[in-house]
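Report on the following structure.
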Protein chains: 2
Amino acid sequence: MDSSPSAPDQVLEIDALIIGAGPVGLYQAFQLGLQGIQAHMVDALPYAGGQCVELYADKPIYDIPGFVICTGRELVNNLLRQLQPFNTEFHFGQLVSQVERQKDGRFQVTTERHGRTVQRFTTKTIFIAAGVGAFEPRKLKVEGLARYEGTQVHYEPQSASRFAGSRLVIVGDGEQALRNALQWCVGTPQSQPALSVTVLHRRDAFSASEETVAEFRSRLVAGHIHFVAGQISGIQADPSTLSSLEISVAEGPPRKLPVDQLLVLQGMSPKMGPIAKWGIAMERRQLLVEPDTCTTSEAGIFAVGDVNTYPGKKKLIVCGFHESVLAAFGAMPIITPGKEVPLEYTTTSSRLHKLLGVTQPESR
Amino acid sequence: MDSSPSAPDQVLEIDALIIGAGPVGLYQAFQLGLQGIQAHMVDALPYAGGQCVELYADKPIYDIPGFVICTGRELVNNLLRQLQPFNTEFHFGQLVSQVERQKDGRFQVTTERHGRTVQRFTTKTIFIAAGVGAFEPRKLKVEGLARYEGTQVHYEPQSASRFAGSRLVIVGDGEQALRNALQWCVGTPQSQPALSVTVLHRRDAFSASEETVAEFRSRLVAGHIHFVAGQISGIQADPSTLSSLEISVAEGPPRKLPVDQLLVLQGMSPKMGPIAKWGIAMERRQLLVEPDTCTTSEAGIFAVGDVNTYPGKKKLIVCGFHESVLAAFGAMPIITPGKEVPLEYTTTSSRLHKLLGVTQPESR
């Protein structure tokens with residue numbers, strides 16, 4: 001069902017793989033670009049920005065040097081524009097599932113989406129800029145529910161006629177949850193509607209836009225959509241089929257809600273995911289790095305930004321920017337051994353001007 | 001002759017003194033502001049910006065995170081605007097001449113201008129953000145010349161009638177040198193002209209603006225200004241008076257040039273100055289700091305930006321920004337002992353919003 005840009009059996013041989021396309025990951029790619037290295041980036045989200053766009057896209061940040069105020073989205077857009085000269089390759093909507101060191105010292109990296117392999121890399125270096133982790137749909141913690149994922153339980157909107165004619169329960173209170181309820185109660189030109197649509201949220205209050213909530217409430221009044229204020233506390237199922245949900249409500253005994261399809265749209269939350277299992281030394285759930293190069297306990301794997309720690313570490317974006325400078329310089333002896341890279345200035349270096357694709361300013 | 005804002009005998013009692021108002025010094029003040037600390041800044045130049053405006057005011061910088069391109073002046077102006085909420089006090093045109101630790105652990109700091117005390121501070125902490133040093137007029141290295149400084153030898157334009165009626169020699173080829181030559185050959189409403197004006201530069205080519213050079217050349221043709229291509233190799237003087245300069249020229253024996261007043265305007269160059277003598281541990285002319293707090297070998301004295309060094313140090317502005325975060329946190333136990341400062345985010349912290357003077361964004 002996924003249309004991956006590359007076949008999974010094609011291995012990309014690269015110099016540098018950056019995990020996480022948040023602001024620090026983007027600046028890491030820029031710093032590698034200044035070293036003449038084209039980076040590849042993987043992110044679980046379908047777009048760049050990480051936390052900055054997932055959690056505070058339109059909220060103001062006041063402590064980025066030189067920006068009196070900027071939103072998360074503005075910062076990310078600026079960093080993307082700055083990165084443009086370097087032809088960074090983005091691999092979005094993918095999680096890194098496996099990292100293994102080859103005999104030649106390089107790493108084999110595999111990414112996946114919904115449990116299916118999407119891309120394989122062979123890379124000389126890895127830069128983990130994963131922040132608080134990969135953003136994934138916030139899941140329900142209900143015993144026995146996981147086994148129906150992909151058949152009757154879904155954490156992403158489904159296309160085409162997936163829910164046509166079925167008793168659909170949607171969990172969530174945001175824009176995406178209510179929009180899906182509205183869509184499936186009437187159907188689309190491509191699909192019949194669901195047999196019934198029930199929205200489940202712990203209280204009768206919604207965080208979607210005013211317009212969407214109004215439309216949703218008028219459908220409730222008309223009886224086209226049902227609403228239950230409560231939380232799923234259990235399920236009824238024979239091993240192969242989920243048949244109903246047990247809903248605990250504010251007052252009285254739990255209710256039973258028949259269900260054919262369950263669509264959970266509760267937003268995204270970050271998960272550290274498999275990184276914690278790669279055998280890299282950690283301290284309080286952070287990757288421990290050498291402060292002079294941001295190298296982890298695994299030579300060739302660097303960690304920058306909120307995901308790392310070292311004495312004095314402060315979790316601020318401006319700190320991650322500096323760390324990615326140190327990591328870029330730290331990685332060069334691995335990427336191009338024996339070729340020392342001098343520190344040059346973008347203001348004066350003609351080598352850097354060439355890389356940046358800018359005209360050299362007149363010398364005075 | 002100097003009009004100091006404060007009398008030298010008035011001691012300012014402060015928490016934090018920043019030496020150097022370049023980009024890193026300015027961001028250091030911002031980071032201290034976020035900690036609730038009002039900083040005082042001293043700089044040898046008469047304005048903020050340091051190297052950034054002295055050496056590349058109009059030249060492009062490409063590697064400041066989030067800025068595809070900005071000039072040194074733009075970066076400094078942005079940082080000044082960002083700093084505005086914090087009422088930083090600037091002490092410009094002053095050199096720190098003395099630093100002594102008091103019995104109570106604080107530092108007595110004295111600044112001077114032209115060898116005269118301008119300001120005294122008692123401060124809990126010092127942040128050295130002096131970059132490549134204090135920018136001072138580039139001096140002539142000619143044996144015996146120094147003793148006439150202030151009477152017959154000057155490194156800054158002089159006001160009023162200082163050169164009226166005297167045989168004036170001006171050394172330099174830039175805007176300031178030629179403009180002074182043009183001024184003194186005709187005099188001003190406030191002053192008679194010099195008796196004669198001779199410009200001395202090693203070759204017959206000038207770096208001033210086209211307009212100024214054209215005006216200068218027409219005065220040369222008219223015989224109002226003289227020009228000598230050469231360099232000062234010696235002086236003739238009786239102990240109390242400098243009488244003539246020995247000029248070595250491209251061909252032939254040295255020339256003798258009578259002189260009453262010598263004005264040297266060869267631009268500015270950075271000098272580390274007395275910092276090197278404060279007894280702080282150094283390595284290759286840089287101040288050695290602990291990487292976790294940027295503290296020097298003297299507790300309470302921090303060093304950030306190009307002036308410091310530690311394992312992995314890269315001399316980039318973005319590195320100095322991070323260092324000033326570490327130094328601000330490192331200084332708080334000295335400034336407000338026993339009061340732990342939690343790391344908060346400018347996006348969400350109402351304490352920081354209050355300090356920044358911004359309205360708290362609506363919570364979602």
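Numbering starts fresh at 1 for the residues of each chain in the structure tokens, the chains themselves are lettered A, B, ... in the order given, and ligands are numbered from 1 as they appear.
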Where in stretch 31-206 of chain A does DSSP assign strand (DSSP E), given as a PyMOL selection string? chain A and resi 39-43+60-61+70-71+89-92+95-101+107-113+116-128+134-137+153-154+167-171+196-201
Expected answer as a compact mmCIF listing (two decimals) with N, CA and C atoms, in the first residue's frame: chain B residues within 7 Å of chain A, only C-alpha atoms:
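Contents of the output file iface.txt:
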```txt
# COMPACT_ATOMS: atom_id res chain seq x y z
N TYR B 27 24.88 38.23 23.10
CA TYR B 27 24.03 37.09 23.43
C TYR B 27 24.27 36.63 24.87
N LYS B 59 29.89 42.60 5.02
CA LYS B 59 30.19 41.34 4.34
C LYS B 59 29.21 40.26 4.78
N PRO B 60 28.91 39.35 3.86
CA PRO B 60 27.89 38.34 4.18
C PRO B 60 28.42 37.21 5.04
N ILE B 61 27.60 36.78 5.99
CA ILE B 61 27.87 35.58 6.79
C ILE B 61 26.77 34.59 6.40
N TYR B 62 27.15 33.33 6.18
CA TYR B 62 26.18 32.35 5.69
C TYR B 62 25.87 31.25 6.69
N ASP B 63 26.56 31.22 7.84
CA ASP B 63 26.40 30.04 8.70
C ASP B 63 25.78 30.32 10.06
N PRO B 65 22.70 30.02 12.24
CA PRO B 65 21.51 29.17 12.07
C PRO B 65 20.25 29.99 11.81
N GLY B 66 19.57 29.68 10.73
CA GLY B 66 18.30 30.34 10.42
C GLY B 66 18.45 31.58 9.55
N PHE B 67 19.68 32.02 9.32
CA PHE B 67 19.92 33.15 8.43
C PHE B 67 20.62 32.66 7.16
N VAL B 68 19.89 32.62 6.05
CA VAL B 68 20.50 32.21 4.79
C VAL B 68 21.72 33.09 4.51
N LEU B 75 23.53 41.15 11.82
CA LEU B 75 23.52 40.22 12.95
C LEU B 75 23.57 40.99 14.27
N ASN B 78 20.31 42.77 14.99
CA ASN B 78 19.30 41.81 15.45
C ASN B 78 19.52 41.44 16.92
N LEU B 79 20.78 41.20 17.27
CA LEU B 79 21.09 40.81 18.65
C LEU B 79 20.80 41.96 19.62
N ARG B 81 18.48 44.26 19.17
CA ARG B 81 17.02 44.34 19.32
C ARG B 81 16.53 43.26 20.27
N GLN B 82 17.11 42.04 20.13
CA GLN B 82 16.70 40.93 20.99
C GLN B 82 17.03 41.22 22.46
N ASP B 292 32.00 22.62 30.48
CA ASP B 292 30.60 22.54 30.95
C ASP B 292 30.04 23.88 31.42
N THR B 293 30.92 24.83 31.80
CA THR B 293 30.43 26.12 32.29
C THR B 293 31.18 27.31 31.68
N PRO B 311 38.79 21.46 24.69
CA PRO B 311 38.92 20.40 23.67
C PRO B 311 37.77 20.46 22.65
N GLY B 312 38.13 20.50 21.37
CA GLY B 312 37.13 20.53 20.31
C GLY B 312 36.74 21.93 19.87
N VAL B 318 28.43 30.66 16.11
CA VAL B 318 27.40 29.75 16.63
C VAL B 318 27.91 29.00 17.87
N CYS B 319 29.20 28.75 17.94
CA CYS B 319 29.76 28.07 19.11
C CYS B 319 29.73 29.01 20.31
N HIS B 322 26.33 29.16 22.11
CA HIS B 322 26.10 28.07 23.06
C HIS B 322 26.93 28.26 24.33
N LEU B 326 25.96 28.21 28.51
CA LEU B 326 26.63 27.45 29.57
C LEU B 326 27.20 28.39 30.64
N THR B 346 11.45 29.72 26.50
CA THR B 346 10.85 31.03 26.22
C THR B 346 9.47 30.87 25.59
N THR B 347 9.21 29.70 25.00
CA THR B 347 7.90 29.48 24.38
C THR B 347 6.80 29.31 25.43
```
Go through stretch 258-280 of chain A residue by residue and, counting only C-alpha atoms, keep those with an atom at most 8 Å from stretch 120-142 of chain A; for each kept residue give the shortest atom pair and its distance in Å to one decimal, ordered by chain and increasing number, as JSON lines.
```
{"residue": "A:Val264", "atom": "CA", "partner": "A:Lys139", "partner_atom": "CA", "distance": 7.4}
{"residue": "A:Leu265", "atom": "CA", "partner": "A:Pro137", "partner_atom": "CA", "distance": 7.4}
{"residue": "A:Gln266", "atom": "CA", "partner": "A:Arg138", "partner_atom": "CA", "distance": 5.8}
{"residue": "A:Gly267", "atom": "CA", "partner": "A:Pro137", "partner_atom": "CA", "distance": 5.8}
{"residue": "A:Met268", "atom": "CA", "partner": "A:Pro137", "partner_atom": "CA", "distance": 4.3}
{"residue": "A:Ser269", "atom": "CA", "partner": "A:Phe135", "partner_atom": "CA", "distance": 5.2}
{"residue": "A:Pro270", "atom": "CA", "partner": "A:Phe135", "partner_atom": "CA", "distance": 4.1}
{"residue": "A:Lys271", "atom": "CA", "partner": "A:Gly133", "partner_atom": "CA", "distance": 4.6}
{"residue": "A:Met272", "atom": "CA", "partner": "A:Gly133", "partner_atom": "CA", "distance": 4.0}
{"residue": "A:Gly273", "atom": "CA", "partner": "A:Gly133", "partner_atom": "CA", "distance": 6.8}
```
Nearby residues (only C-alpha atoms) at most 6 Å from stretch 37-49 of chain B, same-chain spacing under 2 positions excluded, as a compact mmCIF listing (two decimals) with N, CA, C and O atoms, in the first residue's frame:
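What ended up in selection_21.txt:
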```txt
# COMPACT_ATOMS: atom_id res chain seq x y z
N ALA B 16 27.12 41.26 37.03
CA ALA B 16 27.80 40.65 35.88
C ALA B 16 28.37 41.72 34.97
O ALA B 16 27.65 42.62 34.55
N LEU B 17 29.66 41.60 34.68
CA LEU B 17 30.31 42.52 33.75
C LEU B 17 30.78 41.72 32.54
O LEU B 17 31.48 40.72 32.69
N ILE B 18 30.34 42.15 31.37
CA ILE B 18 30.76 41.48 30.14
C ILE B 18 31.80 42.35 29.45
O ILE B 18 31.56 43.53 29.22
N ILE B 19 32.92 41.76 29.12
CA ILE B 19 33.97 42.50 28.44
C ILE B 19 33.93 42.12 26.96
O ILE B 19 34.22 40.98 26.59
N GLY B 20 33.53 43.05 26.13
CA GLY B 20 33.42 42.77 24.69
C GLY B 20 31.97 42.73 24.26
O GLY B 20 31.20 41.87 24.69
N ALA B 21 31.58 43.68 23.38
CA ALA B 21 30.18 43.78 22.95
C ALA B 21 30.00 43.29 21.52
O ALA B 21 29.22 43.82 20.75
N GLY B 22 30.76 42.25 21.17
CA GLY B 22 30.54 41.58 19.88
C GLY B 22 29.31 40.69 19.97
O GLY B 22 28.60 40.71 20.98
N ALA B 29 24.75 38.70 27.31
CA ALA B 29 23.88 39.61 28.07
C ALA B 29 22.43 39.14 27.99
O ALA B 29 21.69 39.19 28.98
N LEU B 32 21.99 36.12 30.26
CA LEU B 32 21.93 36.57 31.65
C LEU B 32 20.58 37.22 31.93
O LEU B 32 20.00 37.03 32.99
N GLY B 33 20.08 37.96 30.95
CA GLY B 33 18.76 38.57 31.09
C GLY B 33 17.69 37.52 31.35
O GLY B 33 16.80 37.71 32.18
N GLN B 35 18.07 34.92 32.86
CA GLN B 35 18.25 34.45 34.24
C GLN B 35 17.84 35.53 35.23
O GLN B 35 18.01 35.37 36.44
N CYS B 52 32.59 41.96 14.23
CA CYS B 52 31.50 41.87 13.26
C CYS B 52 31.25 43.18 12.54
O CYS B 52 30.89 43.19 11.37
N VAL B 53 31.39 44.30 13.23
CA VAL B 53 31.20 45.58 12.53
C VAL B 53 32.54 46.21 12.18
O VAL B 53 32.62 47.01 11.26
N VAL B 76 24.46 41.96 14.33
CA VAL B 76 24.61 42.74 15.56
C VAL B 76 23.34 43.53 15.87
O VAL B 76 22.87 43.56 17.01
N THR B 88 20.36 46.33 29.42
CA THR B 88 21.81 46.19 29.58
C THR B 88 22.46 47.57 29.56
O THR B 88 22.06 48.43 28.79
N GLU B 89 23.46 47.77 30.41
CA GLU B 89 24.14 49.07 30.40
C GLU B 89 25.47 48.95 29.66
O GLU B 89 26.30 48.10 29.99
N PHE B 90 25.65 49.80 28.65
CA PHE B 90 26.86 49.75 27.83
C PHE B 90 27.84 50.81 28.27
O PHE B 90 27.47 51.97 28.50
N HIS B 91 29.09 50.43 28.37
CA HIS B 91 30.18 51.36 28.68
C HIS B 91 31.15 51.30 27.51
O HIS B 91 32.03 50.43 27.47
N PHE B 92 30.95 52.18 26.55
CA PHE B 92 31.73 52.10 25.31
C PHE B 92 33.00 52.94 25.39
O PHE B 92 33.12 53.84 26.22
N GLY B 93 33.92 52.64 24.47
CA GLY B 93 35.15 53.43 24.37
C GLY B 93 36.03 53.31 25.60
O GLY B 93 36.76 54.23 25.94
N GLN B 94 35.95 52.15 26.26
CA GLN B 94 36.75 51.95 27.47
C GLN B 94 37.45 50.61 27.41
O GLN B 94 36.91 49.64 26.90
N LEU B 95 38.64 50.59 27.94
CA LEU B 95 39.39 49.34 28.06
C LEU B 95 39.41 48.93 29.52
O LEU B 95 39.60 49.77 30.40
N ALA B 134 40.76 43.76 22.14
CA ALA B 134 40.14 45.09 22.05
C ALA B 134 40.64 45.78 20.80
O ALA B 134 41.84 45.77 20.51
```
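Every protein, DNA or RNA residue with an atom at most 9 Å from A:Lys256, where only C-alpha atoms count and chain neighbours fewer than 4 positions away do not, is listed here: Ile235, Gln236, Ser244, Leu245, Glu246, Ile247 and Ser248 of chain A.
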File of the preceding selection, N, CA and C atoms, as a compact mmCIF listing (two decimals), in the first residue's frame:
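File result25.txt, as written:
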```txt
# COMPACT_ATOMS: atom_id res chain seq x y z
N ILE A 235 -12.23 -4.83 26.13
CA ILE A 235 -12.83 -5.21 24.85
C ILE A 235 -13.51 -6.56 24.98
N GLN A 236 -14.48 -6.80 24.10
CA GLN A 236 -15.02 -8.14 23.93
C GLN A 236 -14.62 -8.62 22.54
N SER A 244 -16.93 -5.76 20.51
CA SER A 244 -17.44 -4.57 21.19
C SER A 244 -16.44 -4.04 22.20
N LEU A 245 -16.65 -2.75 22.55
CA LEU A 245 -15.77 -2.07 23.50
C LEU A 245 -16.51 -1.89 24.81
N GLU A 246 -15.76 -1.99 25.90
CA GLU A 246 -16.32 -1.69 27.21
C GLU A 246 -15.92 -0.26 27.53
N ILE A 247 -16.91 0.60 27.75
CA ILE A 247 -16.63 2.03 27.96
C ILE A 247 -16.92 2.40 29.40
N SER A 248 -15.89 2.87 30.12
CA SER A 248 -16.15 3.37 31.47
C SER A 248 -16.57 4.82 31.37
```
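Take the candidates A:Glu211, A:Glu13, A:Glu175, A:Glu298 and check each one against A:Gln119 using only C-alpha atoms; the shortest distance goes to A:Glu13.
Within 9 Å of stretch 178-189 of chain A, once only C-alpha atoms are used and residues closer than 5 positions along the same chain are dropped, the contacting residues are Pro157, Ala160, Ser161, Phe163, Ala164, Leu168, Val169, Ile170, Gly172, Asp173, Ala194, Leu195, Ser196, Val197, Thr198, Val199, Phe206, Ala208, Thr212, Val213, Glu215, Phe216, Arg219, His224 and Ile225 of chain A.
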Next, dump the selected residues to file, keeping only N, CA, C and O atoms, as an mmCIF file, in the first residue's frame.
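Final output, part.cif:
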```cif
data_model
loop_
_atom_site.group_PDB
_atom_site.id
_atom_site.type_symbol
_atom_site.label_atom_id
_atom_site.label_comp_id
_atom_site.auth_asym_id
_atom_site.auth_seq_id
_atom_site.Cartn_x
_atom_site.Cartn_y
_atom_site.Cartn_z
ATOM 1 N N PRO A 157 -5.833 7.961 9.528
ATOM 2 C CA PRO A 157 -7.012 7.974 8.662
ATOM 3 C C PRO A 157 -6.840 6.943 7.548
ATOM 4 O O PRO A 157 -5.733 6.749 7.042
ATOM 5 N N ALA A 160 -10.199 5.365 0.831
ATOM 6 C CA ALA A 160 -11.157 4.570 0.048
ATOM 7 C C ALA A 160 -12.309 4.049 0.897
ATOM 8 O O ALA A 160 -12.832 4.749 1.750
ATOM 9 N N SER A 161 -12.683 2.819 0.717
ATOM 10 C CA SER A 161 -13.930 2.317 1.289
ATOM 11 C C SER A 161 -13.715 1.474 2.542
ATOM 12 O O SER A 161 -14.539 0.644 2.905
ATOM 13 N N PHE A 163 -14.083 1.799 5.683
ATOM 14 C CA PHE A 163 -15.083 1.741 6.749
ATOM 15 C C PHE A 163 -16.517 1.694 6.217
ATOM 16 O O PHE A 163 -17.474 1.769 7.004
ATOM 17 N N ALA A 164 -16.672 1.586 4.881
ATOM 18 C CA ALA A 164 -18.022 1.603 4.289
ATOM 19 C C ALA A 164 -18.873 0.493 4.906
ATOM 20 O O ALA A 164 -18.449 -0.663 5.003
ATOM 21 N N LEU A 168 -18.482 2.193 12.938
ATOM 22 C CA LEU A 168 -17.177 2.837 13.147
ATOM 23 C C LEU A 168 -17.170 3.613 14.460
ATOM 24 O O LEU A 168 -18.068 4.409 14.722
ATOM 25 N N VAL A 169 -16.150 3.369 15.274
ATOM 26 C CA VAL A 169 -15.941 4.173 16.487
ATOM 27 C C VAL A 169 -14.646 4.965 16.306
ATOM 28 O O VAL A 169 -13.610 4.399 15.955
ATOM 29 N N ILE A 170 -14.750 6.271 16.499
ATOM 30 C CA ILE A 170 -13.576 7.142 16.368
ATOM 31 C C ILE A 170 -13.228 7.709 17.740
ATOM 32 O O ILE A 170 -14.077 8.283 18.425
ATOM 33 N N GLY A 172 -11.106 10.430 19.836
ATOM 34 C CA GLY A 172 -10.355 11.686 19.674
ATOM 35 C C GLY A 172 -11.266 12.879 19.742
ATOM 36 O O GLY A 172 -12.487 12.759 19.655
ATOM 37 N N ASP A 173 -10.672 14.066 19.910
ATOM 38 C CA ASP A 173 -11.468 15.288 20.031
ATOM 39 C C ASP A 173 -10.919 16.423 19.172
ATOM 40 O O ASP A 173 -11.418 17.535 19.239
ATOM 41 N N ALA A 194 -20.059 4.951 6.481
ATOM 42 C CA ALA A 194 -20.105 3.885 7.479
ATOM 43 C C ALA A 194 -21.563 3.619 7.842
ATOM 44 O O ALA A 194 -22.430 4.461 7.618
ATOM 45 N N LEU A 195 -21.835 2.454 8.429
ATOM 46 C CA LEU A 195 -23.194 2.157 8.871
ATOM 47 C C LEU A 195 -23.575 3.090 10.026
ATOM 48 O O LEU A 195 -24.670 3.647 10.068
ATOM 49 N N SER A 196 -22.636 3.257 10.959
ATOM 50 C CA SER A 196 -22.838 4.217 12.049
ATOM 51 C C SER A 196 -21.481 4.787 12.444
ATOM 52 O O SER A 196 -20.460 4.125 12.288
ATOM 53 N N VAL A 197 -21.505 6.031 12.938
ATOM 54 C CA VAL A 197 -20.264 6.661 13.402
ATOM 55 C C VAL A 197 -20.456 7.125 14.844
ATOM 56 O O VAL A 197 -21.383 7.880 15.139
ATOM 57 N N THR A 198 -19.610 6.626 15.729
ATOM 58 C CA THR A 198 -19.653 7.048 17.131
ATOM 59 C C THR A 198 -18.313 7.667 17.500
ATOM 60 O O THR A 198 -17.268 7.061 17.257
ATOM 61 N N VAL A 199 -18.361 8.875 18.039
ATOM 62 C CA VAL A 199 -17.130 9.509 18.509
ATOM 63 C C VAL A 199 -17.031 9.318 20.015
ATOM 64 O O VAL A 199 -18.016 9.503 20.745
ATOM 65 N N PHE A 206 -14.375 19.735 22.734
ATOM 66 C CA PHE A 206 -13.533 19.348 21.602
ATOM 67 C C PHE A 206 -12.504 20.422 21.307
ATOM 68 O O PHE A 206 -12.739 21.612 21.512
ATOM 69 N N ALA A 208 -11.085 20.846 18.256
ATOM 70 C CA ALA A 208 -11.044 21.170 16.828
ATOM 71 C C ALA A 208 -11.423 22.636 16.620
ATOM 72 O O ALA A 208 -11.773 23.338 17.572
ATOM 73 N N THR A 212 -15.481 23.374 12.596
ATOM 74 C CA THR A 212 -15.622 21.920 12.571
ATOM 75 C C THR A 212 -16.499 21.439 13.727
ATOM 76 O O THR A 212 -17.357 20.558 13.552
ATOM 77 N N VAL A 213 -16.306 22.026 14.903
ATOM 78 C CA VAL A 213 -17.103 21.620 16.060
ATOM 79 C C VAL A 213 -18.587 21.924 15.799
ATOM 80 O O VAL A 213 -19.468 21.105 16.103
ATOM 81 N N GLU A 215 -20.173 22.117 12.899
ATOM 82 C CA GLU A 215 -20.676 21.166 11.910
ATOM 83 C C GLU A 215 -20.906 19.807 12.579
ATOM 84 O O GLU A 215 -21.928 19.136 12.347
ATOM 85 N N PHE A 216 -19.967 19.435 13.421
ATOM 86 C CA PHE A 216 -20.046 18.165 14.144
ATOM 87 C C PHE A 216 -21.278 18.137 15.065
ATOM 88 O O PHE A 216 -22.045 17.167 15.083
ATOM 89 N N ARG A 219 -24.504 17.611 13.278
ATOM 90 C CA ARG A 219 -24.681 16.195 12.905
ATOM 91 C C ARG A 219 -25.106 15.354 14.113
ATOM 92 O O ARG A 219 -25.835 14.369 13.962
ATOM 93 N N HIS A 224 -26.925 11.876 13.010
ATOM 94 C CA HIS A 224 -26.053 11.223 12.010
ATOM 95 C C HIS A 224 -24.767 10.698 12.635
ATOM 96 O O HIS A 224 -24.133 9.799 12.111
ATOM 97 N N ILE A 225 -24.364 11.334 13.727
ATOM 98 C CA ILE A 225 -23.186 10.895 14.468
ATOM 99 C C ILE A 225 -23.601 10.726 15.926
ATOM 100 O O ILE A 225 -24.457 11.464 16.420
#
```
Once DSSP has gone over the backbone, tell me which residues of stretch 314-363 of chain A are in alpha helix (DSSP H), as number ranges by chain. A: 317-335, 350-356
With C-alpha atoms retained, export the selected residues as an mmCIF file, in the first residue's frame.
```
data_model
loop_
_atom_site.group_PDB
_atom_site.id
_atom_site.type_symbol
_atom_site.label_atom_id
_atom_site.label_comp_id
_atom_site.auth_asym_id
_atom_site.auth_seq_id
_atom_site.Cartn_x
_atom_site.Cartn_y
_atom_site.Cartn_z
ATOM 1 C CA ILE A 317 17.956 24.606 20.370
ATOM 2 C CA VAL A 318 20.967 26.945 20.388
ATOM 3 C CA CYS A 319 22.994 24.254 22.170
ATOM 4 C CA GLY A 320 22.092 21.682 19.539
ATOM 5 C CA PHE A 321 23.293 24.038 16.802
ATOM 6 C CA HIS A 322 26.759 24.162 18.325
ATOM 7 C CA GLU A 323 26.779 20.415 18.940
ATOM 8 C CA SER A 324 26.152 19.799 15.256
ATOM 9 C CA VAL A 325 29.243 21.873 14.398
ATOM 10 C CA LEU A 326 31.322 19.704 16.733
ATOM 11 C CA ALA A 327 29.785 16.510 15.332
ATOM 12 C CA ALA A 328 30.446 17.558 11.722
ATOM 13 C CA PHE A 329 34.117 18.162 12.474
ATOM 14 C CA GLY A 330 34.221 15.005 14.593
ATOM 15 C CA ALA A 331 32.873 12.921 11.721
ATOM 16 C CA MET A 332 35.234 14.054 8.989
ATOM 17 C CA PRO A 333 38.159 11.786 10.007
ATOM 18 C CA ILE A 334 35.741 8.857 9.544
ATOM 19 C CA ILE A 335 34.181 10.092 6.295
ATOM 20 C CA SER A 350 36.122 30.695 -1.625
ATOM 21 C CA ARG A 351 35.843 26.922 -1.033
ATOM 22 C CA LEU A 352 32.753 27.516 1.111
ATOM 23 C CA HIS A 353 31.357 30.070 -1.355
ATOM 24 C CA LYS A 354 31.561 27.440 -4.071
ATOM 25 C CA LEU A 355 29.762 24.890 -1.899
ATOM 26 C CA LEU A 356 27.099 27.446 -0.982
#
```
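For A:Gly230, the set of protein, DNA and RNA residues having any atom at most 7 Å away, when counting only C-alpha atoms and skipping those fewer than 2 positions along the same chain, is Leu200, His201, Arg202, Arg203, Val228, Ile232, Ile247, Ser248, Val249 and Ala250 of chain A.
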Residues from last step as file, N, CA, C and O atoms, as a tab-separated table (two decimals), in the first residue's frame:
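What ended up in result-v7.tsv:
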```tsv
chain	number	residue	atom	x	y	z
A	200	LEU	N	-15.85	8.92	20.44
A	200	LEU	CA	-15.61	8.63	21.84
A	200	LEU	C	-14.53	9.57	22.35
A	200	LEU	O	-13.43	9.65	21.78
A	201	HIS	N	-14.85	10.32	23.41
A	201	HIS	CA	-13.84	11.20	24.03
A	201	HIS	C	-14.20	11.30	25.50
A	201	HIS	O	-15.36	11.18	25.87
A	202	ARG	N	-13.22	11.56	26.34
A	202	ARG	CA	-13.49	11.46	27.78
A	202	ARG	C	-14.47	12.52	28.29
A	202	ARG	O	-15.11	12.34	29.32
A	203	ARG	N	-14.61	13.63	27.55
A	203	ARG	CA	-15.64	14.59	27.98
A	203	ARG	C	-16.22	15.31	26.75
A	203	ARG	O	-15.62	15.30	25.67
A	228	VAL	N	-20.16	9.50	22.71
A	228	VAL	CA	-20.10	8.88	24.03
A	228	VAL	C	-18.96	9.52	24.81
A	228	VAL	O	-17.82	9.58	24.32
A	232	ILE	N	-12.24	3.79	26.90
A	232	ILE	CA	-12.28	2.34	26.69
A	232	ILE	C	-11.54	1.65	27.85
A	232	ILE	O	-10.37	1.94	28.10
A	247	ILE	N	-16.91	0.60	27.75
A	247	ILE	CA	-16.63	2.03	27.96
A	247	ILE	C	-16.92	2.40	29.40
A	247	ILE	O	-18.06	2.28	29.87
A	248	SER	N	-15.89	2.87	30.12
A	248	SER	CA	-16.15	3.37	31.47
A	248	SER	C	-16.57	4.82	31.37
A	248	SER	O	-15.95	5.62	30.66
A	249	VAL	N	-17.70	5.13	32.05
A	249	VAL	CA	-18.26	6.47	31.98
A	249	VAL	C	-18.21	7.11	33.37
A	249	VAL	O	-17.91	6.45	34.35
A	250	ALA	N	-18.48	8.41	33.41
A	250	ALA	CA	-18.33	9.16	34.65
A	250	ALA	C	-19.19	8.58	35.77
A	250	ALA	O	-18.75	8.40	36.90
```
Distance query B:Met282 at most 9 Å, only C-alpha atoms, self and fewer than 5 positions along chain excluded, as a list in words: Ala276, Leu287, Leu288, Val289, Thr296, Ser297, Asn308 and Thr309 of chain B
